[in-house]
>>> print(open('my_file25.cif').read())   # mmCIF, C-alpha atoms
data_query
loop_
_atom_site.label_atom_id
_atom_site.label_comp_id
_atom_site.auth_asym_id
_atom_site.auth_seq_id
_atom_site.Cartn_x
_atom_site.Cartn_y
_atom_site.Cartn_z
CA MET Y 1 185.32 66.45 67.83
CA THR Y 2 186.90 69.90 67.52
CA GLU Y 3 190.39 70.19 68.98
CA THR Y 4 191.13 72.89 71.53
CA ASN Y 5 193.60 75.61 70.62
CA VAL Y 6 196.63 76.12 72.85
CA TRP Y 7 198.99 79.06 73.06
CA VAL Y 8 202.39 78.68 71.42
CA PHE Y 9 205.35 81.04 71.33
CA PHE Y 10 207.13 81.27 67.94
CA TYR Y 11 210.58 82.90 67.81
CA GLY Y 12 212.29 81.78 64.57
CA SER Y 13 211.07 81.57 61.00
CA TYR Y 14 207.71 80.32 62.28
CA MET Y 15 206.96 83.81 63.60
CA ASN Y 16 206.73 84.73 59.90
CA ARG Y 17 203.09 84.19 58.99
CA ALA Y 18 203.97 83.65 55.33
CA VAL Y 19 206.19 80.71 56.34
CA LEU Y 20 203.35 79.18 58.38
CA ALA Y 21 200.97 79.64 55.45
CA GLU Y 22 203.32 77.54 53.31
CA VAL Y 23 202.50 74.58 55.58
CA ASP Y 24 198.81 75.56 55.74
CA LEU Y 25 198.87 76.90 59.30
CA ARG Y 26 196.95 80.16 59.84
CA PRO Y 27 196.61 80.90 63.58
CA GLU Y 28 193.36 82.48 64.74
CA SER Y 29 195.15 84.58 67.38
CA TRP Y 30 198.45 86.34 66.81
CA GLU Y 31 200.22 89.01 68.89
CA PRO Y 32 203.72 90.23 69.76
CA ALA Y 33 205.20 88.73 72.92
CA ARG Y 34 208.43 88.06 74.75
CA VAL Y 35 209.90 85.29 76.90
CA THR Y 36 212.57 85.89 79.53
CA GLY Y 37 215.37 83.62 80.72
CA PHE Y 38 216.43 82.63 77.20
CA ASP Y 39 218.61 83.92 74.38
CA ILE Y 40 218.28 83.17 70.67
CA GLU Y 41 220.86 81.42 68.52
CA ILE Y 42 220.65 80.86 64.76
CA ALA Y 43 223.21 78.27 63.70
CA PRO Y 44 221.87 77.20 61.26
CA ARG Y 45 218.23 77.23 62.55
CA ALA Y 46 216.72 79.37 65.27
CA ASN Y 47 216.91 77.87 68.73
CA LEU Y 48 216.68 79.04 72.33
CA VAL Y 49 219.33 78.59 75.00
CA ARG Y 50 218.81 79.29 78.67
CA SER Y 51 220.29 82.61 79.70
CA PRO Y 52 219.57 84.28 83.05
CA GLY Y 53 218.54 87.84 82.29
CA GLY Y 54 218.05 87.04 78.60
CA ILE Y 55 214.98 87.97 76.58
CA VAL Y 56 213.58 86.67 73.31
CA PHE Y 57 210.92 88.40 71.23
CA GLY Y 58 208.46 86.63 68.99
CA ALA Y 59 204.80 85.90 68.32
CA LEU Y 60 202.22 84.42 70.67
CA ALA Y 61 199.74 82.42 68.62
CA THR Y 62 197.10 79.72 68.90
CA ALA Y 63 197.16 76.30 67.27
CA THR Y 64 195.92 72.79 67.97
CA HIS Y 65 198.21 70.01 69.14
CA SER Y 66 197.71 68.26 65.79
CA GLN Y 67 198.75 71.37 63.90
CA LEU Y 68 201.85 71.75 66.04
CA GLU Y 69 202.78 68.09 65.63
CA ARG Y 70 202.48 68.48 61.86
CA LEU Y 71 204.47 71.72 61.88
CA TYR Y 72 207.40 70.34 63.85
CA ALA Y 73 207.34 67.06 61.96
CA HIS Y 74 208.02 69.27 58.93
CA ALA Y 75 210.94 70.85 60.82
CA ARG Y 76 212.31 67.37 61.54
CA ASP Y 77 211.74 65.77 58.13
CA VAL Y 78 212.48 68.74 55.86
CA LEU Y 79 214.83 70.95 57.87
CA GLY Y 80 216.54 68.12 59.74
CA GLU Y 81 216.12 69.56 63.25
CA VAL Y 82 214.24 67.98 66.17
CA TYR Y 83 212.32 70.44 68.36
CA LEU Y 84 210.56 69.41 71.56
CA PRO Y 85 207.84 71.35 73.42
CA GLU Y 86 208.57 73.13 76.69
CA ALA Y 87 206.26 75.16 78.90
CA VAL Y 88 207.13 78.87 79.09
CA VAL Y 89 205.51 82.05 80.31
CA ALA Y 90 205.06 84.54 77.48
CA ILE Y 91 204.37 88.21 78.15
CA ASP Y 92 202.25 90.04 75.58
CA ALA Y 93 202.45 93.72 74.58
CA SER Y 94 200.05 94.74 77.38
CA GLY Y 95 202.21 93.04 80.02
CA ARG Y 96 199.83 90.12 80.53
CA SER Y 97 201.44 86.71 81.15
CA ARG Y 98 200.25 83.56 79.40
CA SER Y 99 201.36 79.96 79.75
CA ALA Y 100 202.43 78.70 76.34
CA LEU Y 101 204.28 75.96 74.57
CA CYS Y 102 207.64 76.77 73.05
CA TYR Y 103 209.54 74.33 70.84
CA ILE Y 104 213.27 74.08 71.52
CA ALA Y 105 215.91 71.80 69.98
CA PRO Y 106 217.81 69.92 72.73
CA GLU Y 107 220.84 69.79 70.42
CA MET Y 108 221.82 71.27 67.08
CA ARG Y 109 225.03 70.86 65.12
CA GLU Y 110 226.36 74.41 64.80
CA ARG Y 111 226.67 75.65 61.24
CA PRO Y 112 226.45 79.11 59.62
CA ALA Y 113 222.92 80.33 58.95
CA GLU Y 114 221.79 81.04 55.40
CA LYS Y 115 221.00 84.65 54.52
CA ALA Y 116 217.51 83.86 53.19
CA TYR Y 117 216.57 82.04 56.41
CA VAL Y 118 217.70 84.90 58.66
CA GLU Y 119 215.95 87.39 56.38
CA ARG Y 120 212.62 85.60 56.91
CA ILE Y 121 213.08 86.00 60.65
CA LEU Y 122 214.03 89.66 60.31
CA VAL Y 123 210.97 90.43 58.19
CA ALA Y 124 208.71 88.96 60.85
CA ALA Y 125 210.57 90.68 63.70
CA ARG Y 126 210.11 94.08 62.06
CA GLU Y 127 206.42 93.43 61.53
CA LEU Y 128 206.08 92.51 65.20
CA GLY Y 129 207.84 95.74 66.23
CA VAL Y 130 210.66 94.21 68.26
CA PRO Y 131 213.23 96.66 69.74
CA ASP Y 132 216.11 97.85 67.57
CA GLU Y 133 218.63 96.16 69.88
CA TYR Y 134 216.96 92.81 69.26
CA LEU Y 135 216.96 93.40 65.51
CA GLU Y 136 220.73 93.97 65.75
CA ARG Y 137 221.02 90.68 67.60
CA LEU Y 138 219.17 88.88 64.79
CA GLU Y 139 221.24 90.65 62.12
CA SER Y 140 224.40 89.35 63.81
CA PHE Y 141 223.51 85.88 62.47
CA LEU Y 142 223.62 87.02 58.84
CA PRO Y 143 226.72 85.97 56.87
CA VAL Y 144 229.65 88.27 57.64
CA GLU Y 145 229.82 89.70 54.11
CA GLU Y 146 226.14 90.69 54.28
CA ARG Y 147 226.57 92.38 57.66
CA VAL Y 148 229.53 94.38 56.37
CA ALA Y 149 227.66 95.44 53.21
CA ARG Y 150 224.72 96.71 55.30
CA LEU Y 151 227.01 98.98 57.29
CA LEU Y 152 228.56 100.62 54.23
CA ALA Y 153 226.52 103.45 52.72
CA ARG Y 154 227.59 103.88 49.11
CA ARG Y 155 227.49 106.44 46.31
CA GLU Y 156 228.22 106.04 42.62
CA GLY Y 157 229.89 108.54 40.32
CA HIS Y 158 233.48 109.53 39.59
CA PHE Y 159 235.79 109.82 42.59
CA ALA Y 160 239.49 110.57 43.09
CA LEU Y 161 240.88 108.21 45.71
CA GLU Y 162 243.63 108.81 48.26
CA SER Y 163 245.89 106.44 46.32
CA GLY Y 164 245.71 108.57 43.17
CA HIS Y 165 243.45 106.05 41.44
CA HIS Y 166 239.96 106.98 40.27
CA GLY Y 167 236.85 104.91 40.88
CA ASP Y 168 233.07 104.82 40.35
CA LEU Y 169 232.12 103.67 43.86
CA TRP Y 170 232.44 105.67 47.09
CA LEU Y 171 231.71 104.30 50.56
CA ASP Y 172 230.67 106.77 53.28
CA LEU Y 173 232.91 105.27 55.92
CA GLU Y 174 232.19 108.07 58.38
CA LYS Y 175 228.90 106.26 59.09
CA LEU Y 176 230.52 102.88 59.70
CA CYS Y 177 230.69 103.25 63.49
CA LEU Y 178 227.46 105.21 63.88
CA ARG Y 179 226.10 102.06 65.54
CA PRO Y 180 229.17 100.64 67.31
CA GLU Y 181 227.78 97.27 68.39
CA PRO Y 182 227.55 95.63 64.92
CA VAL Y 183 231.09 96.82 64.16
CA ARG Y 184 232.34 95.50 67.49
CA ARG Y 185 230.89 92.06 66.72
CA LEU Y 186 232.49 92.01 63.28
CA ALA Y 187 235.82 93.14 64.71
CA SER Y 188 235.59 90.38 67.32
CA GLU Y 189 235.16 87.78 64.58
CA LEU Y 190 238.11 89.28 62.71
CA ALA Y 191 240.18 89.16 65.90
CA ARG Y 192 239.46 85.45 66.32
CA ARG Y 193 240.86 84.85 62.84
CA LEU Y 194 243.95 86.90 63.65
CA ALA Y 195 244.59 85.20 67.00
CA ARG Y 196 246.10 82.11 65.38
CA HIS Y 197 248.98 84.26 64.09
CA ARG Y 198 250.26 85.11 67.58
CA VAL Y 199 249.64 88.83 67.13
CA GLU Y 200 251.38 90.95 69.79
CA ALA Y 201 249.97 94.36 68.77
CA VAL Y 202 247.42 95.85 66.37
CA CYS Y 203 247.85 98.97 64.26
CA GLY Y 204 245.02 100.69 62.38
CA PRO Y 205 245.13 103.67 60.00
CA LEU Y 206 243.00 106.61 61.06
CA VAL Y 207 240.16 107.29 60.93
CA GLU Y 208 237.64 104.45 60.78
CA GLY Y 209 240.28 101.76 60.33
CA ALA Y 210 241.68 102.67 63.73
CA PHE Y 211 238.24 102.25 65.32
CA VAL Y 212 238.00 98.70 63.95
CA ALA Y 213 241.58 98.04 65.04
CA LEU Y 214 240.78 99.23 68.58
CA PHE Y 215 237.87 96.77 68.83
CA ALA Y 216 240.09 93.96 67.49
CA ALA Y 217 242.95 94.76 69.87
CA SER Y 218 240.55 94.75 72.81
CA GLU Y 219 239.25 91.31 71.79
CA LEU Y 220 242.80 89.99 71.39
CA GLY Y 221 244.00 91.55 74.63
CA VAL Y 222 247.01 93.19 72.96
CA PRO Y 223 248.23 96.81 72.67
CA PHE Y 224 246.49 99.09 70.17
CA THR Y 225 248.35 101.61 68.03
CA TYR Y 226 247.40 103.71 65.04
CA SER Y 227 248.86 105.48 62.06
CA GLU Y 228 247.77 108.90 60.85
CA LEU Y 229 247.80 110.47 57.39
CA LEU Y 230 250.54 113.05 56.90
CA PRO Y 231 249.93 116.17 54.82
CA VAL Y 232 251.69 115.77 51.48
CA ARG Y 233 252.38 118.10 48.63
CA THR Y 234 250.07 117.79 45.65
CA SER Y 235 251.24 114.82 43.63
CA ASP Y 236 250.01 113.04 40.53
CA SER Y 237 251.86 109.85 41.43
CA LEU Y 238 250.08 106.77 42.73
CA PHE Y 239 250.35 105.78 46.40
CA SER Y 240 251.90 109.09 47.44
CA ALA Y 241 250.01 109.07 50.76
CA ARG Y 242 252.18 108.69 53.87
CA TYR Y 243 251.03 107.44 57.27
CA ARG Y 244 252.94 107.91 60.51
CA VAL Y 245 252.80 106.14 63.83
CA PRO Y 246 252.96 108.79 66.60
CA PRO Y 247 256.48 109.01 68.10
CA ALA Y 248 255.24 107.98 71.55
CA LEU Y 249 253.95 104.67 70.16
CA ARG Y 250 256.86 103.64 67.94
CA ALA Y 251 258.84 101.96 70.72
CA GLU Y 252 255.75 99.91 71.64
CA LEU Y 253 255.91 98.26 68.21
CA SER Y 254 259.61 97.51 67.91
CA GLY Y 255 260.24 93.79 67.51
CA LYS Y 256 256.54 92.86 67.86
CA ARG Y 257 254.33 90.74 65.62
CA VAL Y 258 251.79 93.29 64.40
CA ALA Y 259 248.46 92.94 62.60
CA VAL Y 260 247.39 95.85 60.42
CA VAL Y 261 243.61 96.18 60.74
CA ASN Y 262 241.53 98.43 58.50
CA ASP Y 263 237.84 99.04 57.81
CA VAL Y 264 237.82 98.71 54.01
CA VAL Y 265 240.72 98.18 51.62
CA ASN Y 266 240.23 99.59 48.12
CA ALA Y 267 243.46 100.64 46.40
CA GLY Y 268 245.28 99.85 49.63
CA SER Y 269 247.14 103.13 50.08
CA ALA Y 270 246.53 103.35 53.85
CA VAL Y 271 247.56 99.74 54.46
CA ARG Y 272 250.53 99.99 52.11
CA ALA Y 273 251.79 103.15 53.83
CA THR Y 274 251.16 101.73 57.31
CA LEU Y 275 253.16 98.60 56.46
CA ALA Y 276 256.08 100.80 55.37
CA GLU Y 277 255.84 102.81 58.59
CA LEU Y 278 255.76 99.66 60.72
CA ALA Y 279 258.94 98.47 59.03
CA SER Y 280 260.62 101.73 59.97
CA CYS Y 281 259.52 101.14 63.59
CA GLY Y 282 261.26 97.76 63.64
CA ALA Y 283 257.91 95.93 63.84
CA ARG Y 284 257.18 92.64 62.14
CA PRO Y 285 253.82 92.76 60.29
CA VAL Y 286 252.35 89.25 60.30
CA ALA Y 287 248.78 89.80 59.09
CA ILE Y 288 246.39 92.22 57.44
CA GLY Y 289 242.79 92.15 58.61
CA THR Y 290 239.90 94.13 57.16
CA LEU Y 291 236.13 94.06 57.26
CA ALA Y 292 235.83 94.38 53.49
CA VAL Y 293 237.88 94.50 50.30
CA LEU Y 294 236.93 96.39 47.13
CA GLY Y 295 238.29 95.01 43.90
CA LYS Y 296 241.56 93.18 43.37
CA ARG Y 297 244.30 95.48 44.66
CA ALA Y 298 244.25 94.19 48.22
CA ALA Y 299 244.76 90.66 46.92
CA GLU Y 300 247.64 91.93 44.78
CA LEU Y 301 249.18 93.64 47.82
CA ALA Y 302 248.77 90.45 49.84
CA ALA Y 303 250.21 88.29 47.06
CA ALA Y 304 253.26 90.56 46.81
CA ARG Y 305 253.93 89.71 50.46
CA GLY Y 306 253.12 86.02 50.11
CA SER Y 307 249.63 86.15 51.59
CA ARG Y 308 245.98 85.49 50.74
CA SER Y 309 242.55 87.13 50.87
CA ARG Y 310 239.09 85.60 50.57
CA HIS Y 311 236.09 86.71 48.49
CA SER Y 312 232.64 87.22 49.96
CA ARG Y 313 230.49 89.89 48.39
CA SER Y 314 230.19 92.25 45.41
CA PHE Y 315 228.22 95.39 44.53
CA ARG Y 316 226.87 96.19 41.08
CA THR Y 317 227.46 99.80 40.04
CA ARG Y 318 225.19 101.89 37.85
CA SER Y 319 227.37 101.15 34.82
CA GLY Y 320 226.71 97.43 35.29
CA SER Y 321 230.22 96.49 36.38
CA ARG Y 322 230.71 94.52 39.58
CA ARG Y 323 232.84 95.77 42.43
CA SER Y 324 233.85 93.07 44.85
CA VAL Y 325 233.27 93.66 48.56
CA ARG Y 326 235.06 90.94 50.45
CA SER Y 327 235.17 90.01 54.05
CA ALA Y 328 238.85 89.27 54.09
CA ARG Y 329 242.09 88.61 55.83
CA ALA Y 330 245.63 88.49 54.53
CA VAL Y 331 248.29 86.47 56.31
CA PHE Y 332 252.04 86.76 55.75
CA HIS Y 333 253.98 83.52 55.46
#
>>> encode(input="my_file25.cif", output="structure tokens")
Amino acid sequence: MTETNVWVFFYGSYMNRAVLAEVDLRPESWEPARVTGFDIEIAPRANLVRSPGGIVFGALATATHSQLERLYAHARDVLGEVYLPEAVVAIDASGRSRSALCYIAPEMRERPAEKAYVERILVAARELGVPDEYLERLESFLPVEERVARLLARREGHFALESGHHGDLWLDLEKLCLRPEPVRRLASELARRLARHRVEAVCGPLVEGAFVALFAASELGVPFTYSELLPVRTSDSLFSARYRVPPALRAELSGKRVAVVNDVVNAGSAVRATLAELASCGARPVAIGTLAVLGKRAAELAAARGSRSRHSRSFRTRSGSRRSVRSARAVFH
């Protein structure tokens, strides 16, 4: 006896038809759809949580009950997650509503998602034509270092840096905040790391570093200040750049525990100069936070002040050398 197909709403890696084919499931019907009243989480597997006003995009497909039982037995036995069916109303691209099954895990031990797993979901989401805002939501579950690297447009060649050093990698930081929401999310995660150090104010070097610092200060609920590059005479010496905190803000920093927050630290001239300026303001720098670190100089700067940074990501340049790009923090002891 032939089993009847039922409608099912896929929202995680199972909305990737290549993933379904790996377990020999090839739905006869397949179309983009959305379900309201839920939000998606990926930690480490995709799951739905109830959220009034929320919306989740995915694929509306057909399968038999036997096929679905086999599919989610695979999720249980191989992936280690138990998903149970719930009835939902899925809305297709034409606006038509369909009753469908949707498999949701009643509980899941939260852990970071793997890049390859999130990428499979992103590939499917793009094929289904989900809105850009939803793609950004899915990208927010990628590892931090990957999210930072995606925001940093890069060029290779020979470049003179602000510090006086020369390098073969240039990041177009002007584009970092072109889409503010991904940067805000990263800055919020950075702020949570900084919170344990009882930060009382945040200072960021202009330009893009100050934008990240502003997001972080807002998340921490502390005052935001900035330092600006001063014009200097032409100099061949290293680290000749000077940064100044505007006079009206100096008194706001005196005696406070301050975190210096930057976008990317390469040779560290902006952070180095900002630290010196904070000292002249009577501030007490307690942490350095940055979205990414290039190379080793930030770690050397941190080590000189009794602090640490953490490696996450590296780029390979045309010459074949590797340039580290780290999602990092440095904490003074």
>>> atom_distance(input="my_file25.cif", atom1="atom CA of Y:His65", atom2="atom CA of Y:Val23")
14.9 Å
>>> closest_residue(input="my_file25.cif", among="Y:Ala191, Y:Leu84, Y:Ala46, Y:Ala267", to="Y:Tyr117", atoms="all atoms listed in the file")
Y:Ala46
>>> resolve_selection(input="my_file25.cif", expression="the PyMOL selection byres ((chain Y and resi 128) around 8)", output="PDB file with C-alpha atoms, keeping the file's coordinate frame")
ATOM      1  CA  GLU Y  31     200.220  89.010  68.890  1.00  0.00           C
ATOM      2  CA  PRO Y  32     203.720  90.230  69.760  1.00  0.00           C
ATOM      3  CA  GLY Y  58     208.460  86.630  68.990  1.00  0.00           C
ATOM      4  CA  ALA Y  59     204.800  85.900  68.320  1.00  0.00           C
ATOM      5  CA  ALA Y 124     208.710  88.960  60.850  1.00  0.00           C
ATOM      6  CA  ALA Y 125     210.570  90.680  63.700  1.00  0.00           C
ATOM      7  CA  ARG Y 126     210.110  94.080  62.060  1.00  0.00           C
ATOM      8  CA  GLU Y 127     206.420  93.430  61.530  1.00  0.00           C
ATOM      9  CA  GLY Y 129     207.840  95.740  66.230  1.00  0.00           C
ATOM     10  CA  VAL Y 130     210.660  94.210  68.260  1.00  0.00           C
TER      11      VAL Y 130
END
>>> residues_around(input="my_file25.cif", residues="Y:Arg150", least_positions_apart="5", cutoff="10 Å", atoms="all atoms listed in the file", output="ChimeraX atom specification")
/Y:139,145,176
>>> closest_residue(input="my_file25.cif", among="Y:Ala279, Y:Ile42, Y:Val35, Y:Leu71", to="Y:Arg111", atoms="all atoms listed in the file")
Y:Ile42
>>> residues_around(input="my_file25.cif", residues="stretch 220-224 of chain Y", least_positions_apart="5", cutoff="7 Å", atoms="all atoms listed in the file", output="compact mmCIF listing (two decimals) with C-alpha atoms, keeping the file's coordinate frame")
# COMPACT_ATOMS: atom_id res chain seq x y z
CA ALA Y 191 240.18 89.16 65.90
CA ALA Y 195 244.59 85.20 67.00
CA GLU Y 200 251.38 90.95 69.79
CA ALA Y 201 249.97 94.36 68.77
CA VAL Y 202 247.42 95.85 66.37
CA CYS Y 203 247.85 98.97 64.26
CA LEU Y 214 240.78 99.23 68.58
>>> atom_distance(input="my_file25.cif", atom1="atom CA of Y:Glu219", atom2="atom CA of Y:Met108")
27.0 Å
>>> residues_around(input="my_file25.cif", residues="Y:Ile40", least_positions_apart="6", cutoff="10 Å", atoms="only C-alpha atoms", output="PyMOL selection string")
chain Y and resi 11-12+46-51+54-57+134+137-138
>>> atom_distance(input="my_file25.cif", atom1="atom CA of Y:Val265", atom2="atom CA of Y:Val207")
13.0 Å
>>> build_atoms(input="my_file25.cif", residues="stretch 184-201 of chain Y", atoms="N, CA and C atoms", output="PDB file, keeping the file's coordinate frame")
ATOM      1  N   ARG Y 184     231.595  96.221  66.453  1.00  0.00           N
ATOM      2  CA  ARG Y 184     232.340  95.500  67.490  1.00  0.00           C
ATOM      3  C   ARG Y 184     232.240  94.001  67.281  1.00  0.00           C
ATOM      4  N   ARG Y 185     231.059  93.504  66.937  1.00  0.00           N
ATOM      5  CA  ARG Y 185     230.890  92.060  66.720  1.00  0.00           C
ATOM      6  C   ARG Y 185     231.703  91.584  65.533  1.00  0.00           C
ATOM      7  N   LEU Y 186     231.708  92.382  64.459  1.00  0.00           N
ATOM      8  CA  LEU Y 186     232.490  92.010  63.280  1.00  0.00           C
ATOM      9  C   LEU Y 186     233.986  92.032  63.598  1.00  0.00           C
ATOM     10  N   ALA Y 187     234.405  93.050  64.343  1.00  0.00           N
ATOM     11  CA  ALA Y 187     235.820  93.140  64.710  1.00  0.00           C
ATOM     12  C   ALA Y 187     236.224  91.979  65.618  1.00  0.00           C
ATOM     13  N   SER Y 188     235.300  91.526  66.450  1.00  0.00           N
ATOM     14  CA  SER Y 188     235.590  90.380  67.320  1.00  0.00           C
ATOM     15  C   SER Y 188     235.806  89.120  66.498  1.00  0.00           C
ATOM     16  N   GLU Y 189     234.989  88.940  65.456  1.00  0.00           N
ATOM     17  CA  GLU Y 189     235.160  87.780  64.580  1.00  0.00           C
ATOM     18  C   GLU Y 189     236.494  87.867  63.824  1.00  0.00           C
ATOM     19  N   LEU Y 190     236.824  89.081  63.385  1.00  0.00           N
ATOM     20  CA  LEU Y 190     238.110  89.280  62.710  1.00  0.00           C
ATOM     21  C   LEU Y 190     239.261  88.974  63.661  1.00  0.00           C
ATOM     22  N   ALA Y 191     239.128  89.405  64.907  1.00  0.00           N
ATOM     23  CA  ALA Y 191     240.180  89.160  65.900  1.00  0.00           C
ATOM     24  C   ALA Y 191     240.385  87.664  66.126  1.00  0.00           C
ATOM     25  N   ARG Y 192     239.310  86.904  66.126  1.00  0.00           N
ATOM     26  CA  ARG Y 192     239.460  85.450  66.320  1.00  0.00           C
ATOM     27  C   ARG Y 192     240.244  84.820  65.174  1.00  0.00           C
ATOM     28  N   ARG Y 193     240.080  85.355  63.969  1.00  0.00           N
ATOM     29  CA  ARG Y 193     240.860  84.850  62.840  1.00  0.00           C
ATOM     30  C   ARG Y 193     242.339  85.230  62.985  1.00  0.00           C
ATOM     31  N   LEU Y 194     242.573  86.430  63.515  1.00  0.00           N
ATOM     32  CA  LEU Y 194     243.950  86.900  63.650  1.00  0.00           C
ATOM     33  C   LEU Y 194     244.692  86.227  64.791  1.00  0.00           C
ATOM     34  N   ALA Y 195     243.961  85.731  65.775  1.00  0.00           N
ATOM     35  CA  ALA Y 195     244.590  85.200  67.000  1.00  0.00           C
ATOM     36  C   ALA Y 195     245.550  84.065  66.699  1.00  0.00           C
ATOM     37  N   ARG Y 196     245.257  83.279  65.675  1.00  0.00           N
ATOM     38  CA  ARG Y 196     246.100  82.110  65.380  1.00  0.00           C
ATOM     39  C   ARG Y 196     247.500  82.522  64.916  1.00  0.00           C
ATOM     40  N   HIS Y 197     247.692  83.799  64.605  1.00  0.00           N
ATOM     41  CA  HIS Y 197     248.980  84.260  64.090  1.00  0.00           C
ATOM     42  C   HIS Y 197     249.837  84.908  65.168  1.00  0.00           C
ATOM     43  N   ARG Y 198     249.461  84.668  66.431  1.00  0.00           N
ATOM     44  CA  ARG Y 198     250.260  85.110  67.580  1.00  0.00           C
ATOM     45  C   ARG Y 198     250.555  86.605  67.506  1.00  0.00           C
ATOM     46  N   VAL Y 199     249.511  87.371  67.240  1.00  0.00           N
ATOM     47  CA  VAL Y 199     249.640  88.830  67.130  1.00  0.00           C
ATOM     48  C   VAL Y 199     249.976  89.415  68.505  1.00  0.00           C
ATOM     49  N   GLU Y 200     250.952  90.307  68.536  1.00  0.00           N
ATOM     50  CA  GLU Y 200     251.380  90.950  69.790  1.00  0.00           C
ATOM     51  C   GLU Y 200     250.942  92.413  69.881  1.00  0.00           C
ATOM     52  N   ALA Y 201     250.478  92.988  68.780  1.00  0.00           N
ATOM     53  CA  ALA Y 201     249.970  94.360  68.770  1.00  0.00           C
ATOM     54  C   ALA Y 201     249.147  94.547  67.500  1.00  0.00           C
TER      55      ALA Y 201
END
